[in-house]
>>> print(open('data-v3.pdb').read())   # PDB, C-alpha atoms and all ligand atoms
ATOM      1  CA  MET Z   1       0.442-120.419  64.626  1.00  0.00           C
ATOM      2  CA  VAL Z   2      -1.128-123.639  65.810  1.00  0.00           C
ATOM      3  CA  ALA Z   3       0.114-124.861  69.197  1.00  0.00           C
ATOM      4  CA  PRO Z   4      -0.143-128.524  70.270  1.00  0.00           C
ATOM      5  CA  ASP Z   5      -2.794-127.693  72.885  1.00  0.00           C
ATOM      6  CA  ALA Z   6      -4.452-124.839  74.767  1.00  0.00           C
ATOM      7  CA  ARG Z   7      -1.763-124.750  77.445  1.00  0.00           C
ATOM      8  CA  ALA Z   8       1.006-124.425  74.880  1.00  0.00           C
ATOM      9  CA  ALA Z   9      -1.001-121.737  73.061  1.00  0.00           C
ATOM     10  CA  GLY Z  10      -1.195-119.759  76.317  1.00  0.00           C
ATOM     11  CA  GLU Z  11       2.559-120.040  76.829  1.00  0.00           C
ATOM     12  CA  VAL Z  12       3.422-118.944  73.293  1.00  0.00           C
ATOM     13  CA  ALA Z  13       0.943-116.062  73.521  1.00  0.00           C
ATOM     14  CA  ALA Z  14       2.577-115.064  76.821  1.00  0.00           C
ATOM     15  CA  ASP Z  15       5.993-115.137  75.071  1.00  0.00           C
ATOM     16  CA  LEU Z  16       4.713-112.625  72.558  1.00  0.00           C
ATOM     17  CA  VAL Z  17       3.188-110.342  75.194  1.00  0.00           C
ATOM     18  CA  ALA Z  18       6.368-110.535  77.271  1.00  0.00           C
ATOM     19  CA  ALA Z  19       8.508-109.661  74.249  1.00  0.00           C
ATOM     20  CA  VAL Z  20       6.438-106.525  73.598  1.00  0.00           C
ATOM     21  CA  VAL Z  21       6.487-105.525  77.274  1.00  0.00           C
ATOM     22  CA  GLN Z  22      10.264-105.979  77.454  1.00  0.00           C
ATOM     23  CA  ALA Z  23      10.973-104.182  74.196  1.00  0.00           C
ATOM     24  CA  SER Z  24       9.389-100.851  75.013  1.00  0.00           C
ATOM     25  CA  PRO Z  25      10.368 -98.333  77.718  1.00  0.00           C
ATOM     26  CA  HIS Z  26       6.668 -97.565  78.306  1.00  0.00           C
ATOM     27  CA  PRO Z  27       4.676-100.486  76.922  1.00  0.00           C
ATOM     28  CA  ARG Z  28       0.993 -99.998  76.208  1.00  0.00           C
ATOM     29  CA  ILE Z  29      -1.033-103.148  75.850  1.00  0.00           C
ATOM     30  CA  GLY Z  30      -4.723-103.800  75.312  1.00  0.00           C
ATOM     31  CA  LEU Z  31      -6.304-106.584  77.346  1.00  0.00           C
ATOM     32  CA  ALA Z  32      -9.236-108.847  76.541  1.00  0.00           C
ATOM     33  CA  THR Z  33     -11.157-110.880  79.099  1.00  0.00           C
ATOM     34  CA  GLY Z  34     -12.833-114.276  78.806  1.00  0.00           C
ATOM     35  CA  ALA Z  35     -12.011-117.949  79.177  1.00  0.00           C
ATOM     36  CA  THR Z  36      -9.432-117.862  76.372  1.00  0.00           C
ATOM     37  CA  MET Z  37      -7.270-115.452  78.327  1.00  0.00           C
ATOM     38  CA  VAL Z  38      -7.042-117.517  81.522  1.00  0.00           C
ATOM     39  CA  GLY Z  39      -3.997-119.528  80.370  1.00  0.00           C
ATOM     40  CA  VAL Z  40      -2.260-116.516  78.845  1.00  0.00           C
ATOM     41  CA  TYR Z  41      -2.649-114.379  81.944  1.00  0.00           C
ATOM     42  CA  GLY Z  42      -1.738-117.333  84.179  1.00  0.00           C
ATOM     43  CA  ALA Z  43       1.515-117.731  82.236  1.00  0.00           C
ATOM     44  CA  LEU Z  44       2.245-113.988  82.536  1.00  0.00           C
ATOM     45  CA  VAL Z  45       1.606-114.093  86.298  1.00  0.00           C
ATOM     46  CA  GLU Z  46       4.065-117.007  86.596  1.00  0.00           C
ATOM     47  CA  ARG Z  47       6.730-115.003  84.779  1.00  0.00           C
ATOM     48  CA  CYS Z  48       6.242-112.041  87.116  1.00  0.00           C
ATOM     49  CA  ARG Z  49       6.457-114.351  90.123  1.00  0.00           C
ATOM     50  CA  ASP Z  50       9.744-115.867  88.943  1.00  0.00           C
ATOM     51  CA  GLY Z  51      11.119-112.392  88.247  1.00  0.00           C
ATOM     52  CA  SER Z  52      11.543-112.790  84.489  1.00  0.00           C
ATOM     53  CA  LEU Z  53       8.879-110.201  83.594  1.00  0.00           C
ATOM     54  CA  SER Z  54       7.741-106.877  85.012  1.00  0.00           C
ATOM     55  CA  PHE Z  55       4.689-104.749  84.211  1.00  0.00           C
ATOM     56  CA  ALA Z  56       5.962-101.849  86.327  1.00  0.00           C
ATOM     57  CA  ARG Z  57       6.323 -99.547  83.290  1.00  0.00           C
ATOM     58  CA  THR Z  58       3.290-100.896  81.409  1.00  0.00           C
ATOM     59  CA  THR Z  59      -0.086 -99.259  80.938  1.00  0.00           C
ATOM     60  CA  ALA Z  60      -2.932-101.678  80.198  1.00  0.00           C
ATOM     61  CA  TYR Z  61      -6.204-100.760  78.501  1.00  0.00           C
ATOM     62  CA  LEU Z  62      -9.383-102.795  78.778  1.00  0.00           C
ATOM     63  CA  LEU Z  63     -11.223-103.622  75.557  1.00  0.00           C
ATOM     64  CA  ASP Z  64     -14.732-103.570  76.863  1.00  0.00           C
ATOM     65  CA  ASP Z  65     -17.051-104.055  79.836  1.00  0.00           C
ATOM     66  CA  TYR Z  66     -20.686-104.823  80.546  1.00  0.00           C
ATOM     67  CA  VAL Z  67     -23.054-101.963  81.273  1.00  0.00           C
ATOM     68  CA  GLY Z  68     -25.092-102.170  84.460  1.00  0.00           C
ATOM     69  CA  LEU Z  69     -23.069-104.456  86.713  1.00  0.00           C
ATOM     70  CA  ASP Z  70     -22.357-103.344  90.239  1.00  0.00           C
ATOM     71  CA  ASP Z  71     -18.780-102.120  90.809  1.00  0.00           C
ATOM     72  CA  ARG Z  72     -18.075-105.201  92.928  1.00  0.00           C
ATOM     73  CA  HIS Z  73     -19.676-107.718  90.571  1.00  0.00           C
ATOM     74  CA  PRO Z  74     -17.151-110.517  89.906  1.00  0.00           C
ATOM     75  CA  GLN Z  75     -18.061-110.632  86.211  1.00  0.00           C
ATOM     76  CA  ALA Z  76     -17.480-106.911  85.615  1.00  0.00           C
ATOM     77  CA  PHE Z  77     -14.470-107.078  83.296  1.00  0.00           C
ATOM     78  CA  ARG Z  78     -12.507-104.566  85.383  1.00  0.00           C
ATOM     79  CA  ASN Z  79     -12.777-107.070  88.248  1.00  0.00           C
ATOM     80  CA  VAL Z  80     -12.105-110.124  86.070  1.00  0.00           C
ATOM     81  CA  ILE Z  81      -8.876-108.568  84.849  1.00  0.00           C
ATOM     82  CA  ARG Z  82      -7.792-107.720  88.405  1.00  0.00           C
ATOM     83  CA  VAL Z  83      -8.414-111.260  89.643  1.00  0.00           C
ATOM     84  CA  SER Z  84      -6.832-112.972  86.630  1.00  0.00           C
ATOM     85  CA  LEU Z  85      -3.854-110.664  86.095  1.00  0.00           C
ATOM     86  CA  ALA Z  86      -3.528-107.192  87.591  1.00  0.00           C
ATOM     87  CA  ASP Z  87      -3.685-108.167  91.284  1.00  0.00           C
ATOM     88  CA  HIS Z  88      -0.863-110.702  90.802  1.00  0.00           C
ATOM     89  CA  VAL Z  89       1.642-108.645  88.847  1.00  0.00           C
ATOM     90  CA  ASP Z  90       3.454-105.366  89.444  1.00  0.00           C
ATOM     91  CA  LEU Z  91       1.208-103.319  87.148  1.00  0.00           C
ATOM     92  CA  PRO Z  92       0.627-100.037  89.018  1.00  0.00           C
ATOM     93  CA  THR Z  93      -3.021 -99.645  90.081  1.00  0.00           C
ATOM     94  CA  GLU Z  94      -3.449 -96.439  88.100  1.00  0.00           C
ATOM     95  CA  ALA Z  95      -1.971 -98.121  85.017  1.00  0.00           C
ATOM     96  CA  LEU Z  96      -5.057-100.281  84.509  1.00  0.00           C
ATOM     97  CA  VAL Z  97      -7.220 -98.078  82.298  1.00  0.00           C
ATOM     98  CA  ALA Z  98     -10.854 -98.984  81.643  1.00  0.00           C
ATOM     99  CA  PRO Z  99     -14.076 -97.413  80.456  1.00  0.00           C
ATOM    100  CA  ASN Z 100     -16.604 -96.548  83.162  1.00  0.00           C
ATOM    101  CA  PRO Z 101     -19.714 -98.552  82.286  1.00  0.00           C
ATOM    102  CA  ASN Z 102     -21.651 -96.915  85.127  1.00  0.00           C
ATOM    103  CA  ALA Z 103     -21.149 -93.368  83.876  1.00  0.00           C
ATOM    104  CA  SER Z 104     -24.366 -91.333  83.810  1.00  0.00           C
ATOM    105  CA  ASP Z 105     -23.577 -90.199  80.241  1.00  0.00           C
ATOM    106  CA  LEU Z 106     -22.526 -93.455  78.617  1.00  0.00           C
ATOM    107  CA  ASP Z 107     -22.197 -92.026  75.108  1.00  0.00           C
ATOM    108  CA  GLY Z 108     -19.972 -89.289  76.488  1.00  0.00           C
ATOM    109  CA  GLU Z 109     -17.931 -91.911  78.348  1.00  0.00           C
ATOM    110  CA  ALA Z 110     -17.537 -93.905  75.119  1.00  0.00           C
ATOM    111  CA  ARG Z 111     -16.235 -90.797  73.350  1.00  0.00           C
ATOM    112  CA  ARG Z 112     -13.840 -90.108  76.226  1.00  0.00           C
ATOM    113  CA  TYR Z 113     -12.491 -93.678  76.174  1.00  0.00           C
ATOM    114  CA  GLU Z 114     -12.091 -93.601  72.401  1.00  0.00           C
ATOM    115  CA  GLU Z 115      -9.901 -90.537  72.840  1.00  0.00           C
ATOM    116  CA  VAL Z 116      -7.892 -92.182  75.636  1.00  0.00           C
ATOM    117  CA  VAL Z 117      -7.195 -95.382  73.669  1.00  0.00           C
ATOM    118  CA  GLY Z 118      -6.698 -93.561  70.374  1.00  0.00           C
ATOM    119  CA  SER Z 119      -4.065 -91.250  71.789  1.00  0.00           C
ATOM    120  CA  ALA Z 120      -2.320 -94.096  73.629  1.00  0.00           C
ATOM    121  CA  HIS Z 121      -1.007 -95.786  70.440  1.00  0.00           C
ATOM    122  CA  LEU Z 122      -1.070 -99.325  71.784  1.00  0.00           C
ATOM    123  CA  ASP Z 123       1.972-101.503  71.101  1.00  0.00           C
ATOM    124  CA  LEU Z 124      -0.126-104.660  71.293  1.00  0.00           C
ATOM    125  CA  GLN Z 125      -3.814-105.491  71.469  1.00  0.00           C
ATOM    126  CA  ILE Z 126      -4.712-108.981  72.711  1.00  0.00           C
ATOM    127  CA  LEU Z 127      -7.992-110.315  71.314  1.00  0.00           C
ATOM    128  CA  GLY Z 128     -10.268-113.303  71.716  1.00  0.00           C
ATOM    129  CA  ILE Z 129     -13.031-114.088  69.238  1.00  0.00           C
ATOM    130  CA  GLY Z 130     -16.688-114.906  69.797  1.00  0.00           C
ATOM    131  CA  GLY Z 131     -18.271-117.970  68.214  1.00  0.00           C
ATOM    132  CA  ASN Z 132     -20.191-115.472  66.062  1.00  0.00           C
ATOM    133  CA  GLY Z 133     -16.995-113.756  64.919  1.00  0.00           C
ATOM    134  CA  HIS Z 134     -17.162-110.798  67.305  1.00  0.00           C
ATOM    135  CA  ILE Z 135     -14.046-109.052  68.577  1.00  0.00           C
ATOM    136  CA  ALA Z 136     -14.377-107.135  71.816  1.00  0.00           C
ATOM    137  CA  PHE Z 137     -18.178-106.647  71.863  1.00  0.00           C
ATOM    138  CA  ASN Z 138     -18.391-105.677  68.192  1.00  0.00           C
ATOM    139  CA  GLU Z 139     -21.197-107.975  67.168  1.00  0.00           C
ATOM    140  CA  PRO Z 140     -21.965-109.033  63.573  1.00  0.00           C
ATOM    141  CA  GLY Z 141     -23.107-105.986  61.620  1.00  0.00           C
ATOM    142  CA  SER Z 142     -20.706-103.609  63.388  1.00  0.00           C
ATOM    143  CA  PRO Z 143     -19.119-101.086  61.006  1.00  0.00           C
ATOM    144  CA  LEU Z 144     -15.517-102.041  60.289  1.00  0.00           C
ATOM    145  CA  ASP Z 145     -14.408 -98.490  61.114  1.00  0.00           C
ATOM    146  CA  SER Z 146     -16.490 -98.237  64.302  1.00  0.00           C
ATOM    147  CA  ALA Z 147     -15.306 -96.289  67.343  1.00  0.00           C
ATOM    148  CA  THR Z 148     -15.800 -96.965  71.054  1.00  0.00           C
ATOM    149  CA  ARG Z 149     -19.513 -96.964  71.769  1.00  0.00           C
ATOM    150  CA  VAL Z 150     -22.384 -98.478  73.722  1.00  0.00           C
ATOM    151  CA  VAL Z 151     -23.679-101.647  72.062  1.00  0.00           C
ATOM    152  CA  THR Z 152     -26.479-104.151  72.511  1.00  0.00           C
ATOM    153  CA  LEU Z 153     -25.218-107.686  72.958  1.00  0.00           C
ATOM    154  CA  SER Z 154     -26.527-110.360  70.591  1.00  0.00           C
ATOM    155  CA  GLU Z 155     -28.526-113.256  71.974  1.00  0.00           C
ATOM    156  CA  ALA Z 156     -25.699-115.590  70.857  1.00  0.00           C
ATOM    157  CA  THR Z 157     -23.180-113.672  72.967  1.00  0.00           C
ATOM    158  CA  ARG Z 158     -25.502-113.501  75.976  1.00  0.00           C
ATOM    159  CA  ARG Z 159     -26.093-117.264  75.749  1.00  0.00           C
ATOM    160  CA  ALA Z 160     -22.366-117.961  75.341  1.00  0.00           C
ATOM    161  CA  ASN Z 161     -21.515-115.826  78.373  1.00  0.00           C
ATOM    162  CA  ALA Z 162     -24.344-117.201  80.534  1.00  0.00           C
ATOM    163  CA  ARG Z 163     -21.830-119.750  81.859  1.00  0.00           C
ATOM    164  CA  PHE Z 164     -20.260-116.967  83.903  1.00  0.00           C
ATOM    165  CA  PHE Z 165     -23.605-115.953  85.487  1.00  0.00           C
ATOM    166  CA  ASP Z 166     -26.382-117.750  87.384  1.00  0.00           C
ATOM    167  CA  SER Z 167     -28.616-117.640  84.309  1.00  0.00           C
ATOM    168  CA  VAL Z 168     -28.801-116.054  80.863  1.00  0.00           C
ATOM    169  CA  ASP Z 169     -31.257-113.496  82.283  1.00  0.00           C
ATOM    170  CA  ASP Z 170     -28.453-112.145  84.484  1.00  0.00           C
ATOM    171  CA  VAL Z 171     -26.161-111.440  81.520  1.00  0.00           C
ATOM    172  CA  PRO Z 172     -26.262-107.706  80.822  1.00  0.00           C
ATOM    173  CA  ARG Z 173     -27.884-106.589  77.576  1.00  0.00           C
ATOM    174  CA  GLN Z 174     -25.486-103.778  76.861  1.00  0.00           C
ATOM    175  CA  ALA Z 175     -21.758-103.154  76.919  1.00  0.00           C
ATOM    176  CA  ILE Z 176     -19.297-100.393  76.228  1.00  0.00           C
ATOM    177  CA  THR Z 177     -16.694-101.566  73.738  1.00  0.00           C
ATOM    178  CA  GLN Z 178     -13.768-100.317  71.736  1.00  0.00           C
ATOM    179  CA  GLY Z 179     -14.805-100.249  68.103  1.00  0.00           C
ATOM    180  CA  ILE Z 180     -13.263-102.266  65.294  1.00  0.00           C
ATOM    181  CA  GLY Z 181     -11.602 -99.091  64.031  1.00  0.00           C
ATOM    182  CA  THR Z 182     -10.211 -98.459  67.523  1.00  0.00           C
ATOM    183  CA  ILE Z 183      -8.765-101.976  67.738  1.00  0.00           C
ATOM    184  CA  LEU Z 184      -7.160-101.748  64.302  1.00  0.00           C
ATOM    185  CA  ARG Z 185      -5.093 -98.746  65.427  1.00  0.00           C
ATOM    186  CA  ALA Z 186      -2.869-100.930  67.621  1.00  0.00           C
ATOM    187  CA  GLU Z 187       0.635-101.476  66.263  1.00  0.00           C
ATOM    188  CA  GLN Z 188       0.342-105.239  66.624  1.00  0.00           C
ATOM    189  CA  ILE Z 189      -2.606-107.532  67.301  1.00  0.00           C
ATOM    190  CA  LEU Z 190      -2.557-110.984  68.873  1.00  0.00           C
ATOM    191  CA  LEU Z 191      -5.704-113.034  68.272  1.00  0.00           C
ATOM    192  CA  ILE Z 192      -6.101-116.150  70.389  1.00  0.00           C
ATOM    193  CA  ALA Z 193      -8.771-118.801  69.850  1.00  0.00           C
ATOM    194  CA  LEU Z 194      -9.134-122.131  71.595  1.00  0.00           C
ATOM    195  CA  GLY Z 195     -11.586-124.987  71.167  1.00  0.00           C
ATOM    196  CA  PRO Z 196     -13.863-126.466  68.516  1.00  0.00           C
ATOM    197  CA  HIS Z 197     -16.605-123.877  69.139  1.00  0.00           C
ATOM    198  CA  LYS Z 198     -14.287-121.232  67.655  1.00  0.00           C
ATOM    199  CA  ALA Z 199     -13.313-123.164  64.505  1.00  0.00           C
ATOM    200  CA  ALA Z 200     -15.956-121.757  62.144  1.00  0.00           C
ATOM    201  CA  ALA Z 201     -15.445-118.177  63.339  1.00  0.00           C
ATOM    202  CA  VAL Z 202     -11.658-118.543  62.928  1.00  0.00           C
ATOM    203  CA  ARG Z 203     -12.078-119.876  59.389  1.00  0.00           C
ATOM    204  CA  ASP Z 204     -14.518-117.100  58.432  1.00  0.00           C
ATOM    205  CA  ALA Z 205     -12.329-114.419  60.026  1.00  0.00           C
ATOM    206  CA  LEU Z 206      -9.075-115.520  58.389  1.00  0.00           C
ATOM    207  CA  GLU Z 207     -10.171-117.022  55.097  1.00  0.00           C
ATOM    208  CA  GLY Z 208     -13.581-115.511  54.330  1.00  0.00           C
ATOM    209  CA  PRO Z 209     -14.414-112.103  52.877  1.00  0.00           C
ATOM    210  CA  VAL Z 210     -13.832-108.976  54.958  1.00  0.00           C
ATOM    211  CA  THR Z 211     -17.365-108.185  56.068  1.00  0.00           C
ATOM    212  CA  PRO Z 212     -19.174-106.548  58.992  1.00  0.00           C
ATOM    213  CA  GLU Z 213     -21.038-109.858  59.395  1.00  0.00           C
ATOM    214  CA  ILE Z 214     -17.751-111.340  60.705  1.00  0.00           C
ATOM    215  CA  PRO Z 215     -16.197-108.470  62.675  1.00  0.00           C
ATOM    216  CA  ALA Z 216     -12.923-110.375  63.166  1.00  0.00           C
ATOM    217  CA  SER Z 217     -12.476-110.495  59.368  1.00  0.00           C
ATOM    218  CA  ALA Z 218     -11.411-106.839  59.651  1.00  0.00           C
ATOM    219  CA  LEU Z 219      -8.118-108.163  61.047  1.00  0.00           C
ATOM    220  CA  GLN Z 220      -7.204-109.153  57.481  1.00  0.00           C
ATOM    221  CA  THR Z 221      -6.755-105.426  56.791  1.00  0.00           C
ATOM    222  CA  HIS Z 222      -4.193-104.945  59.594  1.00  0.00           C
ATOM    223  CA  PRO Z 223      -0.490-105.274  58.683  1.00  0.00           C
ATOM    224  CA  ASP Z 224       0.694-107.073  61.842  1.00  0.00           C
ATOM    225  CA  VAL Z 225      -1.670-109.694  63.239  1.00  0.00           C
ATOM    226  CA  ARG Z 226      -0.402-112.840  64.973  1.00  0.00           C
ATOM    227  CA  VAL Z 227      -2.872-115.682  65.446  1.00  0.00           C
ATOM    228  CA  MET Z 228      -2.474-118.299  68.152  1.00  0.00           C
ATOM    229  CA  LEU Z 229      -4.740-121.346  67.939  1.00  0.00           C
ATOM    230  CA  ASP Z 230      -5.075-124.798  69.377  1.00  0.00           C
ATOM    231  CA  PRO Z 231      -5.683-127.646  66.890  1.00  0.00           C
ATOM    232  CA  GLU Z 232      -9.450-127.621  67.534  1.00  0.00           C
ATOM    233  CA  ALA Z 233      -9.806-123.922  66.738  1.00  0.00           C
ATOM    234  CA  ALA Z 234      -7.640-124.395  63.615  1.00  0.00           C
ATOM    235  CA  ALA Z 235      -9.581-127.455  62.419  1.00  0.00           C
ATOM    236  CA  MET Z 236     -11.589-125.725  59.667  1.00  0.00           C
ATOM    237  CA  LEU Z 237      -8.728-123.753  58.136  1.00  0.00           C
ATOM    238  CA  SER Z 238      -7.715-124.771  54.639  1.00  0.00           C
ATOM    239  CA  GLN Z 239      -4.050-123.935  55.267  1.00  0.00           C
ATOM    240  CA  GLY Z 240      -2.504-125.329  58.431  1.00  0.00           C
ATOM    241  CA  THR Z 241      -0.823-122.141  59.619  1.00  0.00           C
ATOM    242  CA  PRO Z 242      -2.692-118.834  59.660  1.00  0.00           C
ATOM    243  CA  LEU Z 243      -1.098-115.407  59.125  1.00  0.00           C
ATOM    244  CA  GLY Z 244       1.993-115.409  61.346  1.00  0.00           C
TER     245      GLY Z 244
HETATM  246  C1  LIG J 301     -13.799-109.900  76.111  1.00  0.00           C
HETATM  247  C2  LIG J 301     -13.988-109.810  74.686  1.00  0.00           C
HETATM  248  C3  LIG J 301     -14.655-110.887  73.892  1.00  0.00           C
HETATM  249  C4  LIG J 301     -14.038-112.271  74.127  1.00  0.00           C
HETATM  250  C5  LIG J 301     -14.766-113.323  73.299  1.00  0.00           C
HETATM  251  C6  LIG J 301     -14.248-114.711  73.589  1.00  0.00           C
HETATM  252  O1  LIG J 301     -13.071-108.783  76.589  1.00  0.00           O
HETATM  253  O2  LIG J 301     -13.614-108.840  74.160  1.00  0.00           O
HETATM  254  O3  LIG J 301     -14.583-110.568  72.532  1.00  0.00           O
HETATM  255  O4  LIG J 301     -12.682-112.233  73.783  1.00  0.00           O
HETATM  256  O5  LIG J 301     -16.136-113.277  73.572  1.00  0.00           O
HETATM  257  O6  LIG J 301     -14.595-115.052  74.896  1.00  0.00           O
HETATM  258  P1  LIG J 301     -14.066-116.399  75.565  1.00  0.00           P
HETATM  259  O7  LIG J 301     -12.598-116.278  75.654  1.00  0.00           O
HETATM  260  O8  LIG J 301     -14.724-116.440  76.920  1.00  0.00           O
HETATM  261  O9  LIG J 301     -14.490-117.508  74.650  1.00  0.00           O
END
>>> encode(input="data-v3.pdb", output="C-alpha cells")
Amino acid sequence: MVAPDARAAGEVAADLVAAVVQASPHPRIGLATGATMVGVYGALVERCRDGSLSFARTTAYLLDDYVGLDDRHPQAFRNVIRVSLADHVDLPTEALVAPNPNASDLDGEARRYEEVVGSAHLDLQILGIGGNGHIAFNEPGSPLDSATRVVTLSEATRRANARFFDSVDDVPRQAITQGIGTILRAEQILLIALGPHKAAAVRDALEGPVTPEIPASALQTHPDVRVMLDPEAAAMLSQGTPLG
C-alpha cells in the first residue's frame, strides 16, 4: 500500500502491528531498527499511552545487531529499540529477546538465536530495506535460505549507517543477523520503505527476479507480505499498489 506520506505510512503500519498484537493471546513479533521505524514505533507508543494498545502479553524479537559495540552504546540495536519503543510501552523487560553480539563464541550465539527465533513461530516480522536491497543485515549475495549468522557489512551499508555515528570508521564491520530463511518463517511480514533512496531497491525487490543479489526479493516467495510505502519509495514501481 502507498500512503500519502511517511507519517501516514507509520500510522497504517502501526494499525497492522496493533491488529496482530490484539488478535493473539501471546503475540510474537519481530522488530527491525533504523530510521524507517521511528514513525511506526512512535505511533505504537502513542497507542500504549492512550490505553488503546498493550504489549503486556507480547514477546518481541530483534532482527539483528552490530558486533563489537559496548553494551551501553546508543547505536547498539538493543538500546535503540529500548529508547524508541520498549522503554515507553508495557512490554515486560524479559520479553525483549535479542542476540548477544558480545558473546565470546559468536557462531555459537548465532546458532542459539536461530533456534530461539525458529521455535518462536513469529506472528509478524517488521522489516525495513536497505538501499542495496538488504533485509536485516543480509547483504547482497546472501543465500535466500540463510540462517542466523555473523556477517560482514557491505561498504554501502556502513556508509548509509554512518549518519548514526561520528564517522564511517566508527560503524562496526560485522553484525549478527537473522538469515533470510529465518525471516521467511514468520507467519506474516510487514515491509516498510520510505523515501526516494529506497525506490530502486523497492522496485527490484517487488518486481525484479528473486535473486540473492537483492535479498528482499525473497519476500516474493512468502505467502503473506504487506508492503507499506510512501510515494517516494513507490516511485519506480510499474504498478501503483504493491502486493497487499
Ligand atoms: C535494522 C535492519 C536494516 C534496516 C535497513 C533500513 O534492524 O534490519 O535492514 O531495516 O537498513 O534502515 P533505515 O530504516 O535506517 O533506512
>>> closest_atom_pairs(input="data-v3.pdb", of="chain Z", to="ligand LIG 301 (chain J)", cutoff="8 Å", atoms="all atoms listed in the file", output="CSV")
residue,atom,partner,partner_atom,distance
Z:Leu31,CA,J:LIG301,O1,7.2
Z:Ala32,CA,J:LIG301,O1,3.8
Z:Thr33,CA,J:LIG301,O1,3.8
Z:Gly34,CA,J:LIG301,O8,3.4
Z:Ala35,CA,J:LIG301,O8,3.8
Z:Thr36,CA,J:LIG301,O7,3.6
Z:Met37,CA,J:LIG301,O7,6.0
Z:Leu62,CA,J:LIG301,O1,7.4
Z:Leu63,CA,J:LIG301,O1,5.6
Z:Asp64,CA,J:LIG301,O1,5.5
Z:Asp65,CA,J:LIG301,O1,7.0
Z:Phe77,CA,J:LIG301,O1,7.1
Z:Leu127,CA,J:LIG301,O4,5.6
Z:Gly128,CA,J:LIG301,O4,3.4
Z:Ile129,CA,J:LIG301,C5,4.5
Z:Gly130,CA,J:LIG301,O5,4.1
Z:Gly131,CA,J:LIG301,O5,7.4
Z:His134,CA,J:LIG301,O3,5.8
Z:Ile135,CA,J:LIG301,O3,4.3
Z:Ala136,CA,J:LIG301,O2,3.0
Z:Phe137,CA,J:LIG301,O3,5.4
Z:Asn138,CA,J:LIG301,O3,7.6
Z:Thr157,CA,J:LIG301,O5,7.1
Z:Ala160,CA,J:LIG301,O9,7.9
Z:Asn161,CA,J:LIG301,O8,7.0
Z:Thr177,CA,J:LIG301,O2,7.9
Z:Ala193,CA,J:LIG301,O7,7.4
Z:Leu194,CA,J:LIG301,O9,7.7
Z:Lys198,CA,J:LIG301,O9,7.9
>>> residues_around(input="data-v3.pdb", residues="Z:Ala14", least_positions_apart="2", cutoff="10 Å", atoms="only C-alpha atoms", output="list in words")
Ala8, Ala9, Gly10, Glu11, Val12, Leu16, Val17, Ala18, Ala19, Val20, Met37, Gly39, Val40, Tyr41, Gly42, Ala43, Leu44, Val45 and Arg47 of chain Z
>>> closest_residue(input="data-v3.pdb", among="Z:Pro25, Z:Pro92, Z:Pro215, Z:Gly133", to="Z:Ser146", atoms="all atoms listed in the file")
Z:Pro215
>>> atom_distance(input="data-v3.pdb", atom1="atom CA of Z:Arg203", atom2="atom CA of Z:Val171")
27.6 Å
>>> resolve_selection(input="data-v3.pdb", expression="the PyMOL selection byres (((chain Z and resi 124) around 7) and not hetatm)", output="list in words")
Arg28, Ile29, Gly30, Leu122, Asp123, Gln125, Ile126, Ala186, Glu187, Gln188 and Ile189 of chain Z
>>> write_last_selection(input="data-v3.pdb", atoms="C-alpha atoms", output="PDB file, in the coordinates of the input")
ATOM      1  CA  ARG Z  28       0.993 -99.998  76.208  1.00  0.00           C
ATOM      2  CA  ILE Z  29      -1.033-103.148  75.850  1.00  0.00           C
ATOM      3  CA  GLY Z  30      -4.723-103.800  75.312  1.00  0.00           C
ATOM      4  CA  LEU Z 122      -1.070 -99.325  71.784  1.00  0.00           C
ATOM      5  CA  ASP Z 123       1.972-101.503  71.101  1.00  0.00           C
ATOM      6  CA  GLN Z 125      -3.814-105.491  71.469  1.00  0.00           C
ATOM      7  CA  ILE Z 126      -4.712-108.981  72.711  1.00  0.00           C
ATOM      8  CA  ALA Z 186      -2.869-100.930  67.621  1.00  0.00           C
ATOM      9  CA  GLU Z 187       0.635-101.476  66.263  1.00  0.00           C
ATOM     10  CA  GLN Z 188       0.342-105.239  66.624  1.00  0.00           C
ATOM     11  CA  ILE Z 189      -2.606-107.532  67.301  1.00  0.00           C
TER      12      ILE Z 189
END
>>> resolve_selection(input="data-v3.pdb", expression="the PyMOL selection byres (((chain Z and resi 107) around 12) and not hetatm)", output="JSON, numbers by chain")
{"Z": [67, 99, 100, 101, 102, 103, 104, 105, 106, 108, 109, 110, 111, 112, 113, 114, 147, 148, 149, 150, 151, 175, 176, 177]}
>>> resolve_selection(input="data-v3.pdb", expression="the PyMOL selection byres (((chain Z and resi 224) around 9) and not hetatm)", output="PyMOL selection string")
chain Z and resi 187-190+219+222-223+225-226+243-244
>>> closest_residue(input="data-v3.pdb", among="Z:Leu184, Z:His197, Z:Val117, Z:Val38", to="Z:Ala13", atoms="all atoms listed in the file")
Z:Val38
>>> axis_aligned_box(input="data-v3.pdb", around="stretch 45-52 of chain Z", padding_each_side="3 Å", output="JSON")
{"center_x": 6.6, "center_y": -114.5, "center_z": 87.3, "size_x": 15.9, "size_y": 11.0, "size_z": 11.6}
>>> residues_around(input="data-v3.pdb", residues="Z:Ala199", least_positions_apart="5", cutoff="12 Å", atoms="all atoms listed in the file", output="PyMOL selection string")
chain Z and resi 129-133+192-194+204-207+229-238
>>> closest_residue(input="data-v3.pdb", among="Z:Ser54, Z:Gln220, Z:Gln178, Z:Ser142", to="Z:Ala98", atoms="all atoms listed in the file")
Z:Gln178
>>> atom_distance(input="data-v3.pdb", atom1="atom CA of Z:Leu191", atom2="atom CA of Z:Met228")
6.2 Å
>>> atom_distance(input="data-v3.pdb", atom1="atom CA of Z:Gln75", atom2="atom CA of Z:Pro140")
23.0 Å
>>> closest_residue(input="data-v3.pdb", among="Z:Arg185, Z:Val202, Z:Val21, Z:Glu46", to="Z:Asp145", atoms="only C-alpha atoms")
Z:Arg185
>>> closest_residue(input="data-v3.pdb", among="Z:His26, Z:Arg78, Z:His73, Z:His88", to="Z:Thr58", atoms="all atoms listed in the file")
Z:His26
>>> residues_around(input="data-v3.pdb", residues="stretch 208-211 of chain Z", least_positions_apart="6", cutoff="8 Å", atoms="only C-alpha atoms", output="ChimeraX atom specification")
/Z:144,217-218,220
